[in-house]
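**Q** My questions all concern the structure below.
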Amino acid sequence: MKRFPYAMILLGILTACTDGGTPSAGYVRPGHPSTTPYTDAAKSNNKSVTNMIVTNDAQAGKYIKNRLNGYTGDKKAGAELEFAKLAIQIADGTATYDDIDESLLNPAMYILNPELYSDCAGVSDVAACVNNWKTENSSVVDTAIGALRENAIPLNISNAKFITNADTELTFTVDSAGNINSIVANNIEYTRNNNSGNVFTAQNGDKLTYETGAPFESGQDLKLSYSDFGVYNIKSGDTVGRNIAFAGGYTDKRINDITAVTDDKLVFDGRAVGTVSNGTKTLNLKNGTARLVFDATGGADGNPVTTIGAEFSNWYNFTVTQDGNNTSIEFNKNPADKIESGFDPSGTMGTTNANIGYYGPAGIPTEATGTIQYDDEKINMDVAFGVN
């Protein structure tokens with residue numbers, strides 16, 4: 001096992017926790033001379049559904065062409081996506097310079113920042129020049145790499161999968177412009193009206209409302225780039241079904257074995273949503289926060305231990321512990337909160353299940369989402385969480 005380089009962790013967290021300082025709807029390219037804002041209507045439309053990155057090849061190419069405004073040097077024709085990939089490698093320190101043709105390298109440096117291109121193009125030791133420039137302009141690099149990952153690396157959300165505690169699978173479809181245009185749940189397709197809003201309609205008229213737990217908000221404290229969580233419900237006629245918790249994300253950004261990439265303790269913070277049902281009534285949990293701690297050697301035998309703590313304003317706080325193959329839960333009633341009668345755990349430990357997915361760029365965990373289910377003779381708890 002290994003630790004992540006500190007700079008790589010910081011860079012990944014900056015990308016996951018922020019939008020690179022660049023709202024996708026329209027903005028001036030950071031560090032670039034153009035005064036014309038770059039706009040992408042599809043990205044703006046998708047924000048009303050999920051704040052995950054959704055970018056197709058055409059959108060990425062258009063974005064890179066915009067960042068190349070003002071560049072007059074030679075460049076490889078039609079290589080916009082190669083430029084973007086190389087620009088990120090330059091930023092995160094994984095680029096190798098010896099075998100890179102200048103028709104790729106110079107546009108990539110310009111895309112990252114025109115001043116970097118101006119200072120380092122054609123010098124005898126490009127690698128040293130780039131490293132020195134990045135050291136002196138670290139905040140500029142952080143902003144640029146966030147914007148590039150958000151807009152210039154294709155991510156097709158139809159490849160993302162979301163699951164529930166009832167083993168339902170949710171998937172999205174997107175149109176050629178990059179708009180999320182439908183959700184498929186239980187093999188039923190629900191179509192989005194006019195590519196706007198978060199309500200989707202099936203052919204029989206049933207309506208599915210998708211409510212992310214990490215919505216797009218200015219200055220928000222939780223930004224998830226590669227995963228999402230929340231609740232959805234289905235309205236059939238005048239009857240609205242209960243909220244169902246879900247979580248998931250991009251399969252190619254999921255880290256399947258977290259123990260293979262760290263031997264350290266990782267701490268993530270975020271939010272939790274969900275419901276508690278007593279068989280007759282359902283309580284929607286409010287103002288949920290979550291903390292996930294992965295301790296690579298925290299078990300009695302030096303094995304990994306994961307704890308997930310959640311707090312709500314209208315119900316019990318709880319902590320779930322995964323130690324090896326054992327999963328347990330501990331409830332803590334906050335006496336300052338009013339908890340509606342009929343939603344208390346039985347006091348006899350029931351069945352607890354927790355599913356966690358870690359996600360991030362280049363195999364570095366920058367965010368996690370998951371679901372938690374608890375059943376006893378009195379209640380059923382259905383919770384999803386997202387943290388970074």
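Ordered as shown in the structure tokens, chains take letters A, B, and onward, while each chain numbers its residues from 1 and ligands are numbered from 1 in the order shown.
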Near Met381 (chain A), within 6 Å and counting only C-alpha atoms, which residues show up once chain neighbours fewer than 3 positions away are dropped, as a PyMOL selection string?
**A** chain A and resi 275-276+373-374
**Q** Extract, using only C-alpha atoms, all DNA, RNA and protein residues at most 7 Å from region 322-332 of chain A, discarding same-chain residues fewer than 6 positions from it, and format them as an mmCIF file with N, CA, C and O atoms, in the first residue's frame.
**A**
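What landed in out_17.cif:
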data_model
loop_
_atom_site.group_PDB
_atom_site.id
_atom_site.type_symbol
_atom_site.label_atom_id
_atom_site.label_comp_id
_atom_site.auth_asym_id
_atom_site.auth_seq_id
_atom_site.Cartn_x
_atom_site.Cartn_y
_atom_site.Cartn_z
ATOM 1 N N GLY A 299 -8.237 -1.216 12.906
ATOM 2 C CA GLY A 299 -8.853 -2.363 13.548
ATOM 3 C C GLY A 299 -7.964 -3.013 14.597
ATOM 4 O O GLY A 299 -6.763 -2.745 14.685
ATOM 5 N N PRO A 304 -8.301 -2.446 8.118
ATOM 6 C CA PRO A 304 -9.024 -1.190 7.886
ATOM 7 C C PRO A 304 -10.353 -1.145 8.637
ATOM 8 O O PRO A 304 -11.038 -2.166 8.777
ATOM 9 N N VAL A 305 -10.680 0.039 9.117
ATOM 10 C CA VAL A 305 -11.976 0.291 9.749
ATOM 11 C C VAL A 305 -12.565 1.546 9.133
ATOM 12 O O VAL A 305 -11.867 2.558 8.982
ATOM 13 N N THR A 306 -13.839 1.475 8.787
ATOM 14 C CA THR A 306 -14.546 2.629 8.239
ATOM 15 C C THR A 306 -15.700 2.984 9.159
ATOM 16 O O THR A 306 -16.468 2.104 9.565
ATOM 17 N N THR A 307 -15.821 4.272 9.496
ATOM 18 C CA THR A 307 -16.968 4.731 10.274
ATOM 19 C C THR A 307 -17.685 5.832 9.502
ATOM 20 O O THR A 307 -17.052 6.657 8.841
ATOM 21 N N TYR A 316 -32.634 10.679 15.344
ATOM 22 C CA TYR A 316 -31.434 10.216 16.012
ATOM 23 C C TYR A 316 -30.183 10.480 15.162
ATOM 24 O O TYR A 316 -30.223 10.407 13.934
ATOM 25 N N THR A 352 -27.985 -4.109 9.699
ATOM 26 C CA THR A 352 -27.382 -2.904 9.129
ATOM 27 C C THR A 352 -26.570 -3.267 7.895
ATOM 28 O O THR A 352 -25.772 -4.210 7.924
ATOM 29 N N ASN A 353 -26.785 -2.506 6.819
ATOM 30 C CA ASN A 353 -25.991 -2.658 5.595
ATOM 31 C C ASN A 353 -25.495 -1.293 5.165
ATOM 32 O O ASN A 353 -26.239 -0.310 5.234
#
**Q** Go through region 69-164 of chain A residue by residue and, counting only C-alpha atoms, keep those with an atom at most 7 Å from region 250-265 of chain A; for each kept residue give the shortest atom pair and its distance in Å to one decimal, ordered by chain and increasing number, as CSV.
**A**
residue,atom,partner,partner_atom,distance
A:Asn159,CA,A:Tyr250,CA,6.2
A:Ala160,CA,A:Tyr250,CA,4.1
A:Lys161,CA,A:Tyr250,CA,6.6
**Q** Could you make a table, as a tab-separated table, of the residues of region 43-137 of chain A that have an atom within 9 Å of an atom of region 224-228 of chain A, each with its nearest atom pair and distance in Å to one decimal, counting only C-alpha atoms, in chain and number order?
**A**
residue	atom	partner	partner_atom	distance
A:Thr50	CA	A:Asp228	CA	7.2
A:Asn51	CA	A:Leu224	CA	6.7
A:Met52	CA	A:Ser225	CA	4.4
A:Ile53	CA	A:Ser225	CA	5.3
A:Val54	CA	A:Ser225	CA	8.9
**Q** Could those residues be written to a file, using all heavy atoms, as an mmCIF file, in the first residue's frame?
**A**
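Once everything was written out, this is part.cif:
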data_model
loop_
_atom_site.group_PDB
_atom_site.id
_atom_site.type_symbol
_atom_site.label_atom_id
_atom_site.label_comp_id
_atom_site.auth_asym_id
_atom_site.auth_seq_id
_atom_site.Cartn_x
_atom_site.Cartn_y
_atom_site.Cartn_z
ATOM 1 N N THR A 50 -28.032 17.419 -11.500
ATOM 2 C CA THR A 50 -26.874 16.973 -10.738
ATOM 3 C C THR A 50 -25.713 17.916 -10.975
ATOM 4 O O THR A 50 -25.597 18.515 -12.054
ATOM 5 C CB THR A 50 -26.465 15.539 -11.138
ATOM 6 O OG1 THR A 50 -25.294 15.153 -10.400
ATOM 7 C CG2 THR A 50 -26.176 15.435 -12.637
ATOM 8 N N ASN A 51 -24.858 18.031 -9.980
ATOM 9 C CA ASN A 51 -23.672 18.866 -10.097
ATOM 10 C C ASN A 51 -22.459 18.063 -10.550
ATOM 11 O O ASN A 51 -21.334 18.567 -10.571
ATOM 12 C CB ASN A 51 -23.371 19.552 -8.763
ATOM 13 C CG ASN A 51 -22.652 20.877 -8.944
ATOM 14 O OD1 ASN A 51 -22.618 21.438 -10.029
ATOM 15 N ND2 ASN A 51 -22.073 21.384 -7.870
ATOM 16 N N MET A 52 -22.665 16.795 -10.900
ATOM 17 C CA MET A 52 -21.583 15.992 -11.441
ATOM 18 C C MET A 52 -21.097 16.577 -12.763
ATOM 19 O O MET A 52 -21.838 17.261 -13.465
ATOM 20 C CB MET A 52 -22.063 14.554 -11.691
ATOM 21 C CG MET A 52 -22.308 13.745 -10.446
ATOM 22 S SD MET A 52 -23.053 12.131 -10.837
ATOM 23 C CE MET A 52 -21.743 11.358 -11.793
ATOM 24 N N ILE A 53 -19.854 16.294 -13.104
ATOM 25 C CA ILE A 53 -19.317 16.701 -14.396
ATOM 26 C C ILE A 53 -19.985 15.884 -15.493
ATOM 27 O O ILE A 53 -20.029 14.651 -15.413
ATOM 28 C CB ILE A 53 -17.794 16.499 -14.452
ATOM 29 C CG1 ILE A 53 -17.093 17.389 -13.417
ATOM 30 C CG2 ILE A 53 -17.258 16.784 -15.844
ATOM 31 C CD1 ILE A 53 -15.607 17.115 -13.292
ATOM 32 N N VAL A 54 -20.526 16.566 -16.496
ATOM 33 C CA VAL A 54 -21.121 15.911 -17.666
ATOM 34 C C VAL A 54 -20.577 16.628 -18.897
ATOM 35 O O VAL A 54 -20.898 17.789 -19.136
ATOM 36 C CB VAL A 54 -22.656 15.988 -17.643
ATOM 37 C CG1 VAL A 54 -23.239 15.196 -18.818
ATOM 38 C CG2 VAL A 54 -23.223 15.474 -16.323
#
**Q** Please identify all polymer residues within 9 Å of region 95-102 of chain A, counting only C-alpha atoms, omitting same-chain residues fewer than 2 positions from it, and present them as a ChimeraX atom specification.
**A** /A:74-76,86-93,104-107,121-122,126-127
**Q** Considering only C-alpha atoms, state which residue in the set A:Ile244, A:Asn45, A:Gly270, A:Leu148 is at the smallest distance from Asn193 (chain A).
**A**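 Closest candidate: A:Asn45.
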**Q** What lies within 12 Å of Thr289 (chain A) using only C-alpha atoms, ignoring chain neighbours under 3 positions off, as a PyMOL selection string?
**A** chain A and resi 213-214+221-222+268-274+285-286+292+308-313+317-319+383-387
